[in-house]
>>> print(open('upload_25.cif').read())   # mmCIF, C-alpha atoms
data_protein
#
loop_
_atom_site.label_atom_id
_atom_site.label_comp_id
_atom_site.auth_asym_id
_atom_site.auth_seq_id
_atom_site.Cartn_x
_atom_site.Cartn_y
_atom_site.Cartn_z
CA MET G 14 11.85 -47.99 -5.83
CA ARG G 15 14.06 -50.70 -7.32
CA LYS G 16 17.73 -50.50 -6.59
CA ASN G 17 20.39 -51.42 -9.09
CA LYS G 18 23.51 -52.98 -7.74
CA GLY G 19 25.72 -50.30 -6.21
CA GLU G 20 23.24 -47.58 -7.09
CA GLN G 21 20.34 -46.04 -5.18
CA ARG G 22 17.44 -44.82 -7.34
CA HIS G 23 15.51 -41.71 -6.33
CA LEU G 24 12.09 -40.50 -7.35
CA THR G 25 12.60 -37.34 -9.38
CA ILE G 26 10.56 -34.62 -11.07
CA PRO G 27 11.75 -33.04 -14.34
CA ILE G 28 12.41 -29.39 -13.54
CA ASP G 29 10.45 -28.25 -16.58
CA ARG G 30 7.28 -29.65 -14.94
CA VAL G 31 7.62 -27.33 -11.94
CA TYR G 32 6.04 -23.95 -12.51
CA PHE G 33 5.84 -20.53 -10.93
CA ASP G 34 2.41 -19.40 -9.82
CA GLY G 35 1.50 -16.44 -12.04
CA ASP G 36 -0.17 -14.84 -9.02
CA HIS G 37 2.84 -15.26 -6.74
CA LEU G 38 3.29 -12.71 -3.99
CA ARG G 39 6.62 -11.53 -5.30
CA LYS G 40 5.94 -8.97 -8.05
CA THR G 41 9.50 -7.70 -8.38
CA GLN G 42 12.59 -9.70 -9.29
CA THR G 43 15.65 -9.70 -7.05
CA ASP G 44 19.24 -10.64 -7.83
CA ILE G 45 19.83 -14.40 -7.44
CA SER G 46 23.49 -14.53 -8.46
CA GLN G 47 24.61 -15.14 -4.85
CA LEU G 48 22.01 -17.87 -4.45
CA LYS G 49 23.24 -19.57 -7.64
CA ASN G 50 26.83 -19.49 -6.33
CA THR G 51 25.73 -21.07 -3.03
CA ILE G 52 23.82 -23.84 -4.82
CA SER G 53 26.79 -24.50 -7.11
CA ASP G 54 29.15 -24.74 -4.11
CA VAL G 55 27.13 -26.67 -1.51
CA GLY G 56 23.85 -27.66 -3.17
CA LEU G 57 20.28 -26.72 -2.26
CA LEU G 58 20.15 -26.04 1.48
CA GLN G 59 16.35 -25.80 1.74
CA PRO G 60 13.94 -27.87 -0.38
CA ILE G 61 11.32 -26.31 -2.64
CA ILE G 62 7.73 -26.98 -1.57
CA VAL G 63 5.23 -27.67 -4.36
CA ARG G 64 1.71 -28.96 -4.86
CA LYS G 65 0.27 -30.93 -7.76
CA THR G 66 -1.80 -28.86 -10.12
CA SER G 67 -3.93 -29.73 -13.11
CA SER G 68 -3.58 -26.25 -14.64
CA SER G 69 -0.02 -26.53 -15.85
CA PRO G 70 1.23 -24.94 -19.09
CA SER G 71 1.62 -28.42 -20.62
CA SER G 72 -0.78 -31.31 -20.83
CA SER G 73 1.31 -33.49 -18.48
CA GLU G 74 0.99 -33.42 -14.72
CA GLY G 75 2.64 -30.36 -13.24
CA TYR G 76 3.63 -28.88 -9.89
CA THR G 77 3.18 -25.31 -8.65
CA VAL G 78 5.68 -23.73 -6.27
CA ILE G 79 4.31 -22.94 -2.81
CA ASP G 80 7.64 -21.82 -1.35
CA GLY G 81 10.96 -21.51 -3.16
CA GLN G 82 10.42 -19.41 -6.28
CA ARG G 83 13.95 -17.93 -6.19
CA ARG G 84 15.50 -21.35 -5.55
CA LEU G 85 13.65 -22.84 -8.53
CA GLN G 86 14.68 -19.94 -10.77
CA ALA G 87 18.31 -20.39 -9.70
CA LEU G 88 18.21 -24.12 -10.45
CA LYS G 89 16.68 -23.49 -13.88
CA GLU G 90 19.36 -20.94 -14.71
CA LEU G 91 21.98 -23.47 -13.59
CA GLU G 92 20.34 -25.91 -16.04
CA VAL G 93 19.63 -28.56 -13.40
CA PRO G 94 17.48 -31.14 -15.29
CA GLU G 95 15.49 -32.69 -12.44
CA LEU G 96 14.65 -32.40 -8.74
CA ILE G 97 14.98 -35.25 -6.26
CA VAL G 98 11.78 -35.72 -4.25
CA GLY G 99 12.41 -35.48 -0.52
CA ARG G 100 15.75 -33.72 -0.96
CA ASP G 101 15.31 -30.97 -3.55
CA VAL G 102 11.55 -30.82 -3.56
CA ILE G 103 8.72 -31.70 -1.17
CA ILE G 104 5.22 -32.39 -2.54
CA ASP G 105 2.36 -31.20 -0.35
CA ALA G 106 -0.54 -33.38 -1.41
CA ASP G 107 -3.35 -31.75 0.61
CA GLU G 108 -2.65 -28.11 -0.16
CA THR G 109 -5.49 -25.70 -0.97
CA GLU G 110 -4.82 -22.48 -2.87
CA ALA G 111 -5.58 -20.32 0.19
CA ASP G 112 -3.33 -22.45 2.41
CA ALA G 113 -0.59 -22.30 -0.22
CA ARG G 114 -0.71 -18.51 -0.25
CA PHE G 115 -0.57 -18.45 3.53
CA LYS G 116 2.57 -20.60 3.49
CA ARG G 117 4.17 -18.23 1.00
CA ILE G 118 3.36 -15.25 3.20
CA ILE G 119 4.69 -16.94 6.33
CA ALA G 120 7.89 -17.99 4.57
CA ASN G 121 8.44 -14.52 3.12
CA VAL G 122 7.73 -12.74 6.41
CA GLN G 123 10.19 -14.96 8.21
CA ARG G 124 12.90 -14.37 5.59
CA GLU G 125 11.90 -10.75 4.88
CA ASP G 126 12.03 -11.64 1.19
CA ILE G 127 8.97 -9.61 0.26
CA ASN G 128 8.57 -5.86 0.48
CA ASP G 129 5.95 -4.17 2.65
CA ILE G 130 3.70 -3.05 -0.20
CA GLU G 131 3.52 -6.49 -1.82
CA LEU G 132 2.88 -8.01 1.59
CA GLY G 133 0.01 -5.57 2.08
CA HIS G 134 -1.53 -6.64 -1.24
CA ALA G 135 -1.25 -10.28 -0.16
CA PHE G 136 -3.08 -9.55 3.11
CA VAL G 137 -5.83 -7.71 1.22
CA GLU G 138 -6.28 -10.63 -1.17
CA LEU G 139 -6.40 -13.16 1.66
CA LYS G 140 -9.21 -11.15 3.25
CA GLU G 141 -11.20 -10.23 0.16
CA LYS G 142 -10.76 -13.44 -1.85
CA TYR G 143 -10.37 -16.10 0.83
CA GLY G 144 -12.28 -14.59 3.78
CA TYR G 145 -9.54 -14.39 6.40
CA LYS G 146 -9.83 -11.54 8.91
CA TYR G 147 -6.81 -9.31 9.45
CA ASN G 148 -6.52 -10.26 13.12
CA GLU G 149 -6.53 -13.94 12.09
CA ILE G 150 -3.73 -13.29 9.61
CA ALA G 151 -1.76 -11.48 12.32
CA GLU G 152 -2.12 -14.44 14.68
CA ILE G 153 -1.09 -16.97 12.04
CA ILE G 154 2.06 -15.13 10.96
CA GLY G 155 3.03 -14.15 14.51
CA LYS G 156 2.65 -10.40 14.05
CA THR G 157 0.47 -7.76 15.70
CA PRO G 158 -2.84 -6.60 14.17
CA HIS G 159 -1.25 -3.13 13.84
CA TYR G 160 1.55 -4.61 11.71
CA VAL G 161 -0.97 -6.19 9.34
CA SER G 162 -3.20 -3.10 9.15
CA ALA G 163 -0.17 -0.88 8.45
CA LYS G 164 0.85 -3.04 5.47
CA VAL G 165 -2.75 -3.10 4.25
CA GLY G 166 -2.75 0.70 4.45
CA LEU G 167 0.22 0.84 2.10
CA ALA G 168 -1.54 -1.38 -0.43
CA LYS G 169 -4.95 0.29 -0.28
CA ARG G 170 -4.14 3.97 0.33
CA LEU G 171 -0.95 4.69 -1.59
CA THR G 172 -1.54 5.65 -5.23
CA THR G 173 -0.48 3.05 -7.78
CA GLU G 174 2.07 5.51 -9.18
CA LEU G 175 3.73 6.04 -5.81
CA GLN G 176 3.72 2.32 -4.99
CA ASP G 177 5.72 1.65 -8.16
CA ILE G 178 8.16 4.48 -7.36
CA ILE G 179 8.73 3.31 -3.78
CA ILE G 180 9.32 -0.30 -4.84
CA SER G 181 11.74 0.89 -7.51
CA ASP G 182 13.63 2.96 -4.90
CA TRP G 183 13.77 -0.03 -2.54
CA ASN G 184 15.16 -2.26 -5.30
CA ALA G 185 17.77 0.36 -6.22
CA ALA G 186 18.83 0.59 -2.57
CA GLU G 187 19.14 -3.20 -2.36
CA CYS G 188 21.33 -3.16 -5.47
CA ILE G 189 23.64 -0.55 -3.91
CA ARG G 190 23.90 -2.55 -0.67
CA SER G 191 24.89 -5.66 -2.62
CA LYS G 192 27.71 -3.84 -4.43
CA PHE G 193 29.20 -1.68 -1.68
CA SER G 194 30.30 -2.10 1.90
CA GLU G 195 27.95 -1.12 4.73
CA GLU G 196 29.88 2.10 5.35
CA GLU G 197 29.95 3.04 1.65
CA SER G 198 26.23 2.21 1.30
CA ALA G 199 25.38 4.51 4.21
CA ASP G 200 27.06 7.39 2.40
CA LEU G 201 25.31 6.65 -0.89
CA LEU G 202 21.84 5.78 0.39
CA TYR G 203 18.93 7.69 1.85
CA GLU G 204 16.46 5.11 3.12
CA MET G 205 13.07 6.40 4.20
CA ASN G 206 11.73 4.92 7.44
CA ILE G 207 8.70 2.71 6.80
CA ASN G 208 6.68 4.67 9.40
CA ILE G 209 7.11 7.77 7.23
CA ILE G 210 5.74 5.94 4.19
CA GLU G 211 2.80 4.68 6.28
CA GLU G 212 2.01 8.29 7.22
CA ILE G 213 2.28 9.40 3.57
CA ALA G 214 -0.36 6.77 2.77
CA ARG G 215 -2.80 8.64 5.02
CA LEU G 216 -2.58 11.79 2.90
CA PRO G 217 -5.03 12.53 0.06
CA GLY G 218 -3.81 10.90 -3.16
CA GLU G 219 -2.84 14.15 -4.88
CA LEU G 220 -0.52 15.10 -1.99
CA GLN G 221 1.32 11.77 -1.63
CA ARG G 222 3.84 12.03 -4.48
CA PRO G 223 4.86 15.67 -3.69
CA ALA G 224 5.30 14.78 0.00
CA TYR G 225 7.41 11.68 -0.80
CA ASP G 226 9.59 13.60 -3.26
CA THR G 227 10.10 16.48 -0.79
CA ILE G 228 11.14 14.18 2.05
CA ARG G 229 13.58 12.28 -0.17
CA ALA G 230 15.03 15.44 -1.69
CA ARG G 231 15.70 16.92 1.75
CA GLU G 232 16.75 13.53 3.21
CA MET G 233 14.63 14.17 6.30
CA ASP G 234 15.07 12.02 9.37
CA LYS G 235 12.01 10.38 10.92
CA LYS G 236 11.20 13.19 13.37
CA GLU G 237 11.58 15.93 10.76
CA ALA G 238 9.57 14.02 8.15
CA LEU G 239 6.67 13.26 10.51
CA GLU G 240 6.47 16.93 11.55
CA TYR G 241 6.46 17.95 7.89
CA LEU G 242 3.65 15.48 7.15
CA ARG G 243 1.62 16.84 10.07
CA SER G 244 1.85 20.31 8.54
CA VAL G 245 0.77 18.93 5.15
CA LYS G 246 -2.25 17.29 6.80
CA ARG G 247 -3.20 20.51 8.59
CA ASP G 248 -2.93 22.36 5.29
CA ALA G 249 -5.13 19.78 3.55
CA GLU G 250 -7.73 19.92 6.32
CA VAL G 251 -7.88 23.73 6.20
CA MET G 252 -8.39 23.72 2.44
CA LYS G 253 -11.03 20.99 2.66
CA LEU G 254 -12.98 22.85 5.33
CA ALA G 255 -12.81 26.08 3.35
CA SER G 256 -13.93 24.22 0.23
CA ASP G 257 -16.82 22.58 2.10
CA VAL G 258 -18.06 25.93 3.41
CA LYS G 259 -17.70 27.49 -0.02
CA GLY G 260 -19.69 24.65 -1.56
CA LEU G 261 -22.51 25.06 0.92
CA MET G 262 -22.64 28.79 0.30
CA GLU G 263 -22.76 28.25 -3.46
CA THR G 264 -25.72 25.92 -2.94
CA TYR G 265 -27.58 28.61 -1.01
CA ALA G 266 -26.70 31.29 -3.56
CA SER G 267 -27.96 29.19 -6.47
CA ASN G 268 -30.88 30.75 -8.38
CA GLU G 269 -31.60 27.59 -10.40
CA PRO G 270 -34.87 26.09 -9.08
CA ALA G 271 -34.32 22.89 -11.08
CA ARG G 272 -31.06 22.26 -9.25
CA MET G 273 -32.46 22.72 -5.75
CA GLU G 274 -35.88 22.12 -4.28
CA PRO G 275 -37.15 24.75 -1.81
CA LEU G 276 -35.86 24.02 1.68
CA THR G 277 -38.12 23.52 4.65
CA HIS G 278 -37.50 25.66 7.71
CA ARG G 279 -35.94 22.67 9.47
CA GLU G 280 -33.63 21.87 6.52
CA LEU G 281 -32.54 25.50 6.24
CA LYS G 282 -31.79 25.60 9.95
CA GLY G 283 -29.73 22.39 9.63
CA TYR G 284 -27.68 23.74 6.69
CA LEU G 285 -26.96 26.98 8.53
CA LYS G 286 -25.89 25.04 11.60
CA LYS G 287 -23.54 22.91 9.47
CA ILE G 288 -22.00 26.01 7.88
CA ASN G 289 -21.49 27.60 11.28
CA ARG G 290 -19.89 24.43 12.67
CA ASN G 291 -17.51 24.16 9.72
CA LEU G 292 -16.58 27.82 10.07
CA ASP G 293 -15.74 27.24 13.74
CA ARG G 294 -13.54 24.27 12.82
CA LEU G 295 -11.92 26.25 10.02
CA ALA G 296 -11.09 29.06 12.42
CA VAL G 297 -9.43 26.70 14.91
CA VAL G 298 -7.38 24.84 12.30
CA ALA G 299 -6.36 27.99 10.43
CA LYS G 300 -5.17 29.72 13.60
CA THR G 301 -2.95 26.78 14.53
CA SER G 302 -1.45 26.45 11.02
CA GLY G 303 1.80 27.97 9.82
CA PRO G 304 2.09 31.19 7.78
CA GLY G 305 2.22 29.30 4.49
CA GLU G 306 -1.05 27.48 5.16
CA ARG G 307 -2.79 30.66 6.31
CA GLU G 308 -1.74 32.45 3.13
CA GLN G 309 -3.41 29.74 1.03
CA VAL G 310 -6.67 30.13 2.96
CA ILE G 311 -6.92 33.92 2.57
CA PRO G 312 -8.16 33.90 -1.09
CA VAL G 313 -10.80 31.29 -0.20
CA LEU G 314 -11.97 33.35 2.79
CA GLU G 315 -12.15 36.49 0.64
CA SER G 316 -14.34 34.63 -1.85
CA LEU G 317 -16.58 33.41 0.99
CA ILE G 318 -16.94 36.96 2.33
CA GLU G 319 -17.99 38.19 -1.10
CA LYS G 320 -20.60 35.43 -1.45
CA LEU G 321 -21.93 36.00 2.06
CA THR G 322 -22.17 39.73 1.45
CA SER G 323 -23.98 39.19 -1.85
CA LEU G 324 -26.35 36.63 -0.33
CA TYR G 325 -27.03 38.88 2.63
CA ALA G 326 -27.86 41.81 0.30
CA GLU G 327 -30.22 39.64 -1.79
CA ILE G 328 -32.07 38.38 1.27
CA LYS G 329 -32.39 41.87 2.75
CA ALA G 330 -33.64 43.21 -0.57
CA GLY G 331 -36.17 40.40 -0.75
CA GLU G 332 -37.40 41.16 2.76
CA ALA G 333 -37.77 44.86 1.89
CA GLY G 334 -39.76 43.97 -1.24
CA SER G 335 -42.05 41.71 0.77
CA VAL G 336 -42.73 44.45 3.33
CA GLU G 337 -43.52 47.00 0.59
CA ALA G 338 -45.88 44.52 -1.11
CA GLU G 339 -47.73 43.90 2.16
CA ALA G 340 -47.96 47.67 2.85
CA GLY G 341 -49.37 48.27 -0.64
#
>>> encode(input="upload_25.cif", output="structure tokens")
Amino acid sequence: MRKNKGEQRHLTIPIDRVYFDGDHLRKTQTDISQLKNTISDVGLLQPIIVRKTSSSPSSSEGYTVIDGQRRLQALKELEVPELIVGRDVIIDADETEADARFKRIIANVQREDINDIELGHAFVELKEKYGYKYNEIAEIIGKTPHYVSAKVGLAKRLTTELQDIIISDWNAAECIRSKFSEEESADLLYEMNINIIEEIARLPGELQRPAYDTIRAREMDKKEALEYLRSVKRDAEVMKLASDVKGLMETYASNEPARMEPLTHRELKGYLKKINRNLDRLAVVAKTSGPGEREQVIPVLESLIEKLTSLYAEIKAGEAGSVEAEAG
């Protein structure tokens, strides 16, 4: 660049030509007032990394942020007109979209600037859209495969409703921490251990919200919450087994030929074996469950007994009719 006498010229980029990626990992906004104060006092401590993009909101050449979304937002709110290349902003010329997303993930993991659920969604997208395996992601970001799979579990198993609630609770907790001392925050906050939330994600969808609300309402510690979730799982398994057996019995009891083709001897034997196996499992799980879970199973078992009794009577009556017909 040319230099005027007594003045050094820098290559700059107008700040209104630097854009946020609409698909950025960060889905929730965090408070940047402290960051703005720091920039006002001492300047930008870490440059923003961008790449050239042809798909900018305006017709002129634009730049998309790879790393530094909060810093760019702070500068825009401070009404900084332009960014100095090499000091305020670094242009990565050979950046692919997949590589750009990886850099965002790495930066956010290192700074812990992204919550676990959003991180899980990023991992899922990197696998499904860009073809990276989870163990490859783990190696690149310096984490264990279990860490990556746990975050993926939050993104894929938690209901959308509960994901929004958890993120909202995390943001509220962060707001409290920023306004009160550590001691005051501890008195005001109940923060659920992430391992508890990972276990909630393993529950059936309809049980997740009630379990989360119960644990928060009782402010359970990790040990208490995990024991509670184990009981919820046992309860769910008992009810599923009972429902499976009931469904099989209803199939046998059906008198609608159009719904069910006649079974071969082998198929009938297989169905009966499956019912017997499920009943054995149901007995084991029910006996090891608490009183509350056993009480829920009793009505289902009573219904099964009625259906079995009715089916047994129909079969016996049919056998008797066949014998009489042969004798006649």
>>> atom_distance(input="upload_25.cif", atom1="CA of Asp248 (chain G)", atom2="CA of Ala168 (chain G)")
24.5 Å
>>> residues_around(input="upload_25.cif", residues="Tyr241 (chain G)", least_positions_apart="2", cutoff="12 Å", atoms="only C-alpha atoms", output="MDAnalysis selection string")
chainID G and resid 209 212:213 223:225 227:228 231 233:239 243:248 303
>>> closest_residue(input="upload_25.cif", among="G:Asn128, G:Thr157, G:Ser162, G:Ser53", to="Asp182 (chain G)", atoms="only C-alpha atoms")
G:Asn128
>>> atom_distance(input="upload_25.cif", atom1="CA of Asp29 (chain G)", atom2="CA of Asp80 (chain G)")
16.8 Å
>>> closest_residue(input="upload_25.cif", among="G:Val251, G:Ile178, G:Leu85, G:Ile210", to="Tyr32 (chain G)", atoms="only C-alpha atoms")
G:Leu85
>>> atom_distance(input="upload_25.cif", atom1="CA of Thr77 (chain G)", atom2="CA of Val63 (chain G)")
5.3 Å
>>> resolve_selection(input="upload_25.cif", expression="the PyMOL selection byres ((chain G and resi 215) around 8)", output="JSON, numbers by chain")
{"G": [166, 170, 171, 211, 212, 213, 214, 216, 217]}
>>> resolve_selection(input="upload_25.cif", expression="the PyMOL selection byres ((chain G and resi 104) around 10)", output="ChimeraX atom specification")
/G:61-65,76-79,98-99,102-103,105-108
>>> residues_near_point(input="upload_25.cif", point="(19.9, -17.5, -6.4)", cutoff="12 Å", atoms="all atoms listed in the file", output="mmCIF file with C-alpha atoms, in the coordinates of the input")
data_model
loop_
_atom_site.group_PDB
_atom_site.id
_atom_site.type_symbol
_atom_site.label_atom_id
_atom_site.label_comp_id
_atom_site.auth_asym_id
_atom_site.auth_seq_id
_atom_site.Cartn_x
_atom_site.Cartn_y
_atom_site.Cartn_z
ATOM 1 C CA GLN G 42 12.590 -9.700 -9.290
ATOM 2 C CA THR G 43 15.650 -9.700 -7.050
ATOM 3 C CA ASP G 44 19.240 -10.640 -7.830
ATOM 4 C CA ILE G 45 19.830 -14.400 -7.440
ATOM 5 C CA SER G 46 23.490 -14.530 -8.460
ATOM 6 C CA GLN G 47 24.610 -15.140 -4.850
ATOM 7 C CA LEU G 48 22.010 -17.870 -4.450
ATOM 8 C CA LYS G 49 23.240 -19.570 -7.640
ATOM 9 C CA ASN G 50 26.830 -19.490 -6.330
ATOM 10 C CA THR G 51 25.730 -21.070 -3.030
ATOM 11 C CA ILE G 52 23.820 -23.840 -4.820
ATOM 12 C CA SER G 53 26.790 -24.500 -7.110
ATOM 13 C CA ASP G 54 29.150 -24.740 -4.110
ATOM 14 C CA GLY G 56 23.850 -27.660 -3.170
ATOM 15 C CA LEU G 57 20.280 -26.720 -2.260
ATOM 16 C CA LEU G 58 20.150 -26.040 1.480
ATOM 17 C CA GLY G 81 10.960 -21.510 -3.160
ATOM 18 C CA GLN G 82 10.420 -19.410 -6.280
ATOM 19 C CA ARG G 83 13.950 -17.930 -6.190
ATOM 20 C CA ARG G 84 15.500 -21.350 -5.550
ATOM 21 C CA LEU G 85 13.650 -22.840 -8.530
ATOM 22 C CA GLN G 86 14.680 -19.940 -10.770
ATOM 23 C CA ALA G 87 18.310 -20.390 -9.700
ATOM 24 C CA LEU G 88 18.210 -24.120 -10.450
ATOM 25 C CA LYS G 89 16.680 -23.490 -13.880
ATOM 26 C CA GLU G 90 19.360 -20.940 -14.710
ATOM 27 C CA LEU G 91 21.980 -23.470 -13.590
#
>>> resolve_selection(input="upload_25.cif", expression="the PyMOL selection byres ((chain G and resi 188) around 12)", output="short mmCIF file (atom, residue, chain, number, x, y, z; two decimals) with C-alpha atoms, keeping the file's coordinate frame")
data_model
loop_
_atom_site.label_atom_id
_atom_site.label_comp_id
_atom_site.auth_asym_id
_atom_site.auth_seq_id
_atom_site.Cartn_x
_atom_site.Cartn_y
_atom_site.Cartn_z
CA GLN G 42 12.59 -9.70 -9.29
CA THR G 43 15.65 -9.70 -7.05
CA ASP G 44 19.24 -10.64 -7.83
CA ILE G 45 19.83 -14.40 -7.44
CA SER G 46 23.49 -14.53 -8.46
CA SER G 181 11.74 0.89 -7.51
CA ASP G 182 13.63 2.96 -4.90
CA TRP G 183 13.77 -0.03 -2.54
CA ASN G 184 15.16 -2.26 -5.30
CA ALA G 185 17.77 0.36 -6.22
CA ALA G 186 18.83 0.59 -2.57
CA GLU G 187 19.14 -3.20 -2.36
CA ILE G 189 23.64 -0.55 -3.91
CA ARG G 190 23.90 -2.55 -0.67
CA SER G 191 24.89 -5.66 -2.62
CA LYS G 192 27.71 -3.84 -4.43
CA PHE G 193 29.20 -1.68 -1.68
CA SER G 194 30.30 -2.10 1.90
CA SER G 198 26.23 2.21 1.30
CA LEU G 201 25.31 6.65 -0.89
CA LEU G 202 21.84 5.78 0.39
#
>>> closest_residue(input="upload_25.cif", among="G:Lys253, G:Val93, G:Lys169, G:Ala163", to="Val137 (chain G)", atoms="all atoms listed in the file")
G:Lys169
>>> closest_residue(input="upload_25.cif", among="G:Arg279, G:Lys287, G:Arg30, G:His159", to="Glu74 (chain G)", atoms="all atoms listed in the file")
G:Arg30
